[in-house]
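Reproduced below: target_37.csv, with CSV, C-alpha atoms.
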```csv
chain,number,residue,atom,x,y,z
O,1,MET,CA,0.0,0.0,0.0
O,2,ASN,CA,2.8,2.4,0.8
O,3,ARG,CA,4.3,1.9,-2.7
O,4,ILE,CA,1.0,2.5,-4.3
O,5,GLY,CA,0.5,5.7,-2.2
O,6,ILE,CA,3.9,7.0,-3.1
O,7,ALA,CA,3.3,6.4,-6.8
O,8,PHE,CA,0.0,8.2,-6.6
O,9,LEU,CA,1.6,11.2,-5.0
O,10,ILE,CA,4.4,11.3,-7.7
O,11,VAL,CA,1.8,11.3,-10.5
O,12,PHE,CA,-0.3,14.0,-8.7
O,13,PHE,CA,2.7,16.4,-8.5
O,14,LEU,CA,3.7,15.8,-12.1
O,15,LEU,CA,0.3,16.6,-13.3
O,16,ALA,CA,0.2,19.8,-11.2
O,17,GLY,CA,3.5,20.8,-12.6
O,18,CYS,CA,2.3,20.4,-16.2
O,19,ASN,CA,-0.7,22.6,-15.5
O,20,GLN,CA,1.5,25.4,-14.1
O,21,VAL,CA,3.8,25.4,-17.1
O,22,SER,CA,0.9,25.6,-19.6
O,23,ASP,CA,-0.6,28.6,-17.9
O,24,ALA,CA,2.6,30.8,-18.0
O,25,PRO,CA,2.8,31.5,-21.8
O,26,ILE,CA,-0.9,32.6,-21.9
O,27,SER,CA,-0.3,35.1,-19.1
O,28,ASN,CA,2.9,36.4,-20.9
O,29,SER,CA,1.1,36.7,-24.2
O,30,THR,CA,-1.6,38.9,-22.8
O,31,ILE,CA,0.9,41.3,-21.3
O,32,MET,CA,2.9,41.5,-24.5
O,33,GLU,CA,-0.2,42.3,-26.6
O,34,SER,CA,-1.0,45.1,-24.2
O,35,ASP,CA,2.5,46.4,-24.1
O,36,THR,CA,2.9,46.5,-27.9
O,37,GLY,CA,0.0,48.9,-28.2
O,38,LYS,CA,-1.4,46.8,-31.0
O,39,HIS,CA,-4.8,48.5,-30.7
O,40,PRO,CA,-4.8,52.4,-31.3
O,41,VAL,CA,-6.0,54.6,-28.4
O,42,GLN,CA,-9.3,56.3,-29.1
O,43,TYR,CA,-11.5,58.9,-27.4
O,44,THR,CA,-15.2,59.6,-28.1
O,45,LEU,CA,-15.7,63.3,-29.1
O,46,SER,CA,-18.4,65.0,-27.1
O,47,PHE,CA,-20.1,67.6,-29.3
O,48,LYS,CA,-22.3,70.2,-27.8
O,49,ASP,CA,-24.7,72.7,-29.3
O,50,VAL,CA,-23.3,76.3,-29.7
O,51,ASP,CA,-25.3,79.4,-30.2
O,52,LEU,CA,-22.9,81.5,-32.2
O,53,GLU,CA,-25.0,82.6,-35.2
O,54,LYS,CA,-26.5,86.1,-34.8
O,55,PRO,CA,-28.6,88.2,-37.2
O,56,LEU,CA,-26.7,91.0,-38.9
O,57,LYS,CA,-27.7,94.5,-37.8
O,58,LYS,CA,-28.7,96.8,-40.7
O,59,MET,CA,-27.0,100.2,-40.9
O,60,VAL,CA,-27.1,103.2,-43.2
O,61,GLU,CA,-24.3,104.2,-45.5
O,62,THR,CA,-23.8,107.5,-43.8
O,63,ASP,CA,-22.5,105.5,-40.8
O,64,LEU,CA,-19.5,104.6,-42.8
O,65,THR,CA,-17.7,107.8,-41.8
O,66,LYS,CA,-14.0,106.9,-42.1
O,67,ILE,CA,-13.4,103.9,-44.4
O,68,ILE,CA,-9.8,102.6,-44.2
O,69,LEU,CA,-10.3,99.6,-46.5
O,70,LYS,CA,-12.9,98.6,-49.1
O,71,GLN,CA,-13.0,95.2,-50.9
O,72,GLU,CA,-15.4,93.8,-53.4
O,73,ILE,CA,-15.9,90.1,-53.7
O,74,ASP,CA,-18.4,88.7,-56.1
O,75,GLU,CA,-21.5,90.9,-55.8
O,76,TYR,CA,-20.7,91.9,-52.2
O,77,THR,CA,-18.8,94.9,-50.9
O,78,THR,CA,-17.0,94.8,-47.5
O,79,TYR,CA,-15.9,97.9,-45.5
O,80,PHE,CA,-13.4,98.3,-42.7
O,81,TYR,CA,-14.0,101.6,-41.0
O,82,GLN,CA,-13.8,103.7,-37.8
O,83,LYS,CA,-16.9,104.9,-36.2
O,84,ASN,CA,-17.5,108.6,-35.3
O,85,GLN,CA,-15.3,109.8,-32.4
O,86,ASP,CA,-13.6,106.3,-32.2
O,87,ASP,CA,-10.1,106.3,-33.7
O,88,GLU,CA,-9.1,103.1,-31.7
O,89,ASN,CA,-11.3,100.4,-33.1
O,90,ILE,CA,-11.9,99.1,-36.6
O,91,THR,CA,-15.4,97.7,-37.5
O,92,ALA,CA,-16.4,95.6,-40.5
O,93,ALA,CA,-19.5,95.9,-42.6
O,94,ILE,CA,-20.9,94.3,-45.7
O,95,LYS,CA,-23.2,95.4,-48.5
O,96,ILE,CA,-25.7,92.7,-49.6
O,97,GLY,CA,-27.9,93.9,-52.4
O,98,VAL,CA,-28.9,97.4,-51.5
O,99,ASN,CA,-28.6,97.0,-47.7
O,100,ILE,CA,-25.5,97.5,-45.5
O,101,PHE,CA,-25.0,95.4,-42.4
O,102,GLU,CA,-22.6,95.8,-39.5
O,103,ILE,CA,-20.5,92.7,-38.8
O,104,GLY,CA,-18.5,93.6,-35.7
O,105,HIS,CA,-15.2,94.6,-34.3
O,106,VAL,CA,-12.2,93.3,-36.3
O,107,GLY,CA,-9.1,95.2,-35.0
O,108,TYR,CA,-7.4,98.4,-33.9
O,109,SER,CA,-4.9,99.3,-36.5
O,110,ALA,CA,-5.8,101.7,-39.4
O,111,GLN,CA,-2.3,101.3,-40.9
O,112,ASN,CA,-1.7,97.5,-40.8
O,113,THR,CA,-4.6,96.6,-43.1
O,114,ASP,CA,-3.0,93.4,-44.2
O,115,GLN,CA,-4.5,91.7,-41.1
O,116,TYR,CA,-8.0,92.2,-42.5
O,117,THR,CA,-9.0,89.6,-45.1
O,118,VAL,CA,-12.1,88.7,-47.1
O,119,SER,CA,-12.7,85.4,-48.9
O,120,GLN,CA,-15.4,83.1,-50.0
O,121,VAL,CA,-15.5,79.7,-48.3
O,122,LYS,CA,-17.6,76.6,-47.9
O,123,ALA,CA,-18.2,75.2,-44.5
O,124,LEU,CA,-20.9,73.5,-42.4
O,125,ASP,CA,-22.9,72.8,-45.6
O,126,LYS,CA,-23.1,76.5,-46.4
O,127,ASN,CA,-21.5,79.2,-48.5
O,128,TYR,CA,-20.0,82.1,-46.5
O,129,ILE,CA,-18.1,85.3,-46.9
O,130,LYS,CA,-15.3,85.0,-44.4
O,131,ILE,CA,-13.8,88.1,-42.8
O,132,THR,CA,-10.8,87.9,-40.4
O,133,GLY,CA,-9.2,90.4,-38.1
O,134,ALA,CA,-8.1,90.5,-34.4
O,135,CYS,CA,-10.1,91.1,-31.3
O,136,GLY,CA,-7.0,91.8,-29.1
O,137,ALA,CA,-3.4,90.7,-28.5
O,138,ASN,CA,-3.0,87.1,-29.6
O,139,CYS,CA,-6.8,87.0,-30.3
O,140,PRO,CA,-7.7,86.4,-33.9
O,141,ILE,CA,-11.3,86.6,-34.9
O,142,SER,CA,-13.1,85.0,-37.8
O,143,TYR,CA,-16.6,86.0,-39.1
O,144,TYR,CA,-18.6,83.8,-41.4
O,145,ILE,CA,-21.4,85.8,-43.1
O,146,GLN,CA,-24.3,83.8,-44.6
O,147,THR,CA,-25.5,86.0,-47.4
O,148,ASP,CA,-27.9,83.7,-49.4
O,149,THR,CA,-30.9,84.4,-47.1
O,150,ASN,CA,-33.5,87.1,-46.5
O,151,SER,CA,-32.1,87.5,-43.0
O,152,PRO,CA,-28.3,87.5,-43.2
O,153,LYS,CA,-26.5,86.0,-40.3
O,154,VAL,CA,-23.0,86.0,-38.9
O,155,LEU,CA,-21.1,83.3,-37.2
O,156,GLY,CA,-18.3,84.7,-35.1
O,157,ILE,CA,-15.4,82.6,-33.7
O,158,GLU,CA,-12.6,84.2,-31.7
O,159,ALA,CA,-9.8,82.0,-33.1
O,160,TYR,CA,-7.7,81.4,-36.2
O,161,THR,CA,-9.9,79.1,-38.3
O,162,VAL,CA,-9.5,76.8,-41.3
O,163,GLU,CA,-12.3,75.1,-43.3
O,164,THR,CA,-11.4,71.5,-43.9
O,165,ASP,CA,-13.1,68.1,-44.4
O,166,ILE,CA,-11.6,66.3,-41.4
O,167,GLU,CA,-14.2,63.5,-41.5
O,168,GLN,CA,-13.7,62.9,-45.2
O,169,ASP,CA,-17.4,63.0,-45.9
O,170,GLY,CA,-17.5,65.8,-48.4
O,171,THR,CA,-18.5,68.5,-46.0
O,172,ASN,CA,-16.0,71.1,-44.5
O,173,GLU,CA,-15.9,71.4,-40.8
O,174,ILE,CA,-14.3,74.4,-39.1
O,175,VAL,CA,-11.1,73.9,-37.1
O,176,ALA,CA,-10.4,76.8,-34.7
O,177,THR,CA,-7.2,77.3,-32.8
O,178,VAL,CA,-6.3,80.1,-30.4
O,179,GLY,CA,-3.7,80.8,-27.7
O,180,THR,CA,0.0,80.6,-27.2
O,181,ALA,CA,-0.5,77.1,-26.0
O,182,ALA,CA,-2.9,76.1,-28.8
O,183,GLN,CA,-6.5,75.4,-27.8
O,184,THR,CA,-8.2,73.6,-30.7
O,185,SER,CA,-11.9,73.0,-31.3
O,186,ILE,CA,-13.9,71.5,-34.1
O,187,TYR,CA,-17.2,73.0,-35.3
O,188,LYS,CA,-19.6,70.8,-37.4
O,189,ILE,CA,-23.2,70.4,-38.4
O,190,LYS,CA,-25.2,67.8,-36.6
O,191,ASN,CA,-29.0,67.4,-36.9
O,192,ALA,CA,-29.1,70.8,-38.6
O,193,HIS,CA,-27.4,72.5,-35.6
O,194,ILE,CA,-23.9,73.8,-35.2
O,195,VAL,CA,-22.0,71.8,-32.5
O,196,ALA,CA,-18.5,72.0,-31.2
O,197,THR,CA,-16.0,70.0,-29.2
O,198,ASN,CA,-12.7,71.1,-27.6
O,199,LEU,CA,-9.8,68.6,-28.2
O,200,ASN,CA,-7.7,69.9,-25.3
O,201,GLU,CA,-10.5,68.9,-23.0
O,202,THR,CA,-10.9,65.5,-24.7
O,203,LEU,CA,-7.3,64.6,-24.5
O,204,GLU,CA,-6.6,66.5,-21.2
O,205,ALA,CA,-3.8,68.1,-23.1
O,206,HIS,CA,-2.0,71.5,-22.6
O,207,GLU,CA,-1.6,72.1,-26.4
O,208,VAL,CA,-3.3,70.6,-29.5
O,209,THR,CA,-2.5,71.8,-33.0
O,210,TYR,CA,-4.0,70.9,-36.4
O,211,ASP,CA,-1.9,70.0,-39.5
O,212,LYS,CA,-4.1,70.6,-42.6
O,213,GLU,CA,-1.7,68.9,-45.0
O,214,SER,CA,-1.9,65.5,-43.2
O,215,ASN,CA,-5.4,66.2,-41.8
O,216,THR,CA,-4.2,65.3,-38.3
O,217,PHE,CA,-4.1,66.7,-34.8
O,218,VAL,CA,-0.9,66.8,-32.8
O,219,SER,CA,-0.5,66.7,-29.0
O,220,GLY,CA,3.0,66.2,-27.8
O,221,VAL,CA,4.4,63.2,-29.6
O,222,LYS,CA,1.0,61.8,-30.3
O,223,ILE,CA,-0.8,62.2,-33.7
O,224,TRP,CA,-4.6,61.9,-33.9
O,225,ARG,CA,-7.2,61.5,-36.6
O,226,VAL,CA,-10.9,62.0,-36.5
O,227,LYS,CA,-13.0,59.0,-37.6
O,228,GLY,CA,-16.7,59.7,-37.2
O,229,GLU,CA,-17.0,61.0,-33.7
O,230,GLU,CA,-13.9,59.2,-32.5
O,231,LEU,CA,-10.4,60.7,-32.0
O,232,VAL,CA,-8.0,57.8,-32.9
O,233,SER,CA,-4.2,57.8,-32.3
O,234,SER,CA,-2.2,57.0,-35.4
O,235,LYS,CA,1.3,57.1,-33.8
```

Mind turning the file's structure into structure tokens?
Amino acid sequence: MNRIGIAFLIVFFLLAGCNQVSDAPISNSTIMESDTGKHPVQYTLSFKDVDLEKPLKKMVETDLTKIILKQEIDEYTTYFYQKNQDDENITAAIKIGVNIFEIGHVGYSAQNTDQYTVSQVKALDKNYIKITGACGANCPISYYIQTDTNSPKVLGIEAYTVETDIEQDGTNEIVATVGTAAQTSIYKIKNAHIVATNLNETLEAHEVTYDKESNTFVSGVKIWRVKGEELVSSK
């Protein structure tokens, strides 16, 4: 009986040893797959409604007292002017048909007029006249004027903006960047409303920039792409 008992114990320990060896590679494989970063990191973008579109206020031509710059684009005329008894601020206006509308403050300098630009752009499923200037030190401002309507509206964003199809769906979103440590946001159309998301908040990052050529966002050494409503790492 003793011999049988000893033989039984030897077989038991051998089987137990085999089980332990077979488990080890499975554990190591799981760690290696996690360590290699085989799956890209991704964040869900939280878009929120923004109320930035405002109706343009009609004005009379006699209010254009001191015009420093006048530009015509298509059938529209834009004015950059100083109001009466105000030599410190530059205001923009636009003539649509026979009516003139005030757009808003675009800067301070009457000499450095190169900072004031006018262009036609497509964004958010609409055609806009885009006017840019500065609302203060390190504070660019972009106005998007919707002209093809009976009640012209303006979308104002206090940032440097670029119109680009980041989702590759045929519609240009607006990417806005502002600040010495770049704060970057995306504006898009969702359910017929303008919505926005801040990428710095999403990534909890001090600085996020956009590279239009590669259609990517950069934060530190990480490169990110937008896929649908996901921000996915590509490096």

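Atom CA of Ile96 of chain O is found 7.1 Å from atom CA of Thr147 of chain O.
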
If you measure from atom CA of Glu204 of chain O to atom CA of Gln183 of chain O, what distance in Å do you get, rounded to one decimal?
11.1 Å

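Among the candidates O:Thr62, O:Gln168, O:Ser119, O:Gln42, the residue lying nearest to Thr77 of chain O is O:Ser119 (atoms considered: all atoms listed in the file).
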
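Distance annotation: of O:Leu124, O:Ile73, O:Ile129, O:Val60, the residue with the minimal separation from Asn99 of chain O is O:Val60; atom set is only C-alpha atoms.
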
Nearby residues (all atoms listed in the file) at most 12 Å from Ala137 of chain O, same-chain spacing under 5 positions excluded, as a PyMOL selection string
chain O and resi 107-109+158-159+178-180

Would you export the selected residues with C-alpha atoms as a JSON list (two decimals), keeping the file's coordinate frame, please?
```
[["chain", "number", "residue", "atom", "x", "y", "z"],
["O", 107, "GLY", "CA", -9.10, 95.20, -35.00],
["O", 108, "TYR", "CA", -7.40, 98.40, -33.90],
["O", 109, "SER", "CA", -4.90, 99.30, -36.50],
["O", 158, "GLU", "CA", -12.60, 84.20, -31.70],
["O", 159, "ALA", "CA", -9.80, 82.00, -33.10],
["O", 178, "VAL", "CA", -6.30, 80.10, -30.40],
["O", 179, "GLY", "CA", -3.70, 80.80, -27.70],
["O", 180, "THR", "CA", 0.00, 80.60, -27.20]]
```

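The spacing separating atom CA of Leu56 of chain O from atom CA of Val154 of chain O amounts to 6.2 Å.
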
Pick from O:Asn172, O:Glu102, O:Phe80, O:Asp165, whichever lies nearest to Thr132 of chain O using all atoms listed in the file
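Of all the options, O:Phe80 lies closest to Thr132 of chain O.
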
Nearest residue to Asn200 of chain O out of O:Asp148, O:Leu155, O:Leu45, O:Glu61, using only C-alpha atoms?
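Using only C-alpha atoms, Asn200 of chain O sits closest to O:Leu45.
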
Using all atoms listed in the file: which of O:Ile67, O:Val162, O:Val41, O:Ala176 has the shortest distance to Thr197 of chain O
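Checking each candidate against Thr197 of chain O, we get O:Ala176 as the closest.
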
Which one is closest to Gly170 of chain O: O:Ala110, O:Ala134, O:Ala123, O:Ala192? Count only C-alpha atoms.
O:Ala123

Find the residues around Ile100 of chain O up to 10 Å (all atoms listed in the file counted), leave out those fewer than 2 positions away in its own chain, and share them as a tab-separated table (two decimals) with C-alpha atoms, keeping the file's coordinate frame.
```
chain	number	residue	atom	x	y	z
O	56	LEU	CA	-26.70	91.00	-38.90
O	57	LYS	CA	-27.70	94.50	-37.80
O	58	LYS	CA	-28.70	96.80	-40.70
O	59	MET	CA	-27.00	100.20	-40.90
O	60	VAL	CA	-27.10	103.20	-43.20
O	61	GLU	CA	-24.30	104.20	-45.50
O	63	ASP	CA	-22.50	105.50	-40.80
O	64	LEU	CA	-19.50	104.60	-42.80
O	76	TYR	CA	-20.70	91.90	-52.20
O	77	THR	CA	-18.80	94.90	-50.90
O	78	THR	CA	-17.00	94.80	-47.50
O	79	TYR	CA	-15.90	97.90	-45.50
O	93	ALA	CA	-19.50	95.90	-42.60
O	94	ILE	CA	-20.90	94.30	-45.70
O	95	LYS	CA	-23.20	95.40	-48.50
O	96	ILE	CA	-25.70	92.70	-49.60
O	97	GLY	CA	-27.90	93.90	-52.40
O	98	VAL	CA	-28.90	97.40	-51.50
O	102	GLU	CA	-22.60	95.80	-39.50
O	103	ILE	CA	-20.50	92.70	-38.80
```

Which protein, DNA or RNA residues have an atom at most 8 Å from (-13.9, 72.5, -36.0), counting all atoms listed in the file? List them as a ChimeraX atom specification.
/O:163,173-176,184-188,196-197

Nearby residues (only C-alpha atoms) at most 9 Å from Ser233 of chain O, same-chain spacing under 4 positions excluded, as a list in words
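In the requested format, the answer is Pro40, Val41, Gln42, Tyr43, Lys222, Ile223, Trp224, Arg225 and Val226 of chain O.
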
Take the selection from the previous step and output its residues with C-alpha atoms, as a PDB file, in the frame of the given file.
```
ATOM      1  CA  PRO O  40      -4.800  52.400 -31.300  1.00  0.00           C
ATOM      2  CA  VAL O  41      -6.000  54.600 -28.400  1.00  0.00           C
ATOM      3  CA  GLN O  42      -9.300  56.300 -29.100  1.00  0.00           C
ATOM      4  CA  TYR O  43     -11.500  58.900 -27.400  1.00  0.00           C
ATOM      5  CA  LYS O 222       1.000  61.800 -30.300  1.00  0.00           C
ATOM      6  CA  ILE O 223      -0.800  62.200 -33.700  1.00  0.00           C
ATOM      7  CA  TRP O 224      -4.600  61.900 -33.900  1.00  0.00           C
ATOM      8  CA  ARG O 225      -7.200  61.500 -36.600  1.00  0.00           C
ATOM      9  CA  VAL O 226     -10.900  62.000 -36.500  1.00  0.00           C
TER      10      VAL O 226
END
```
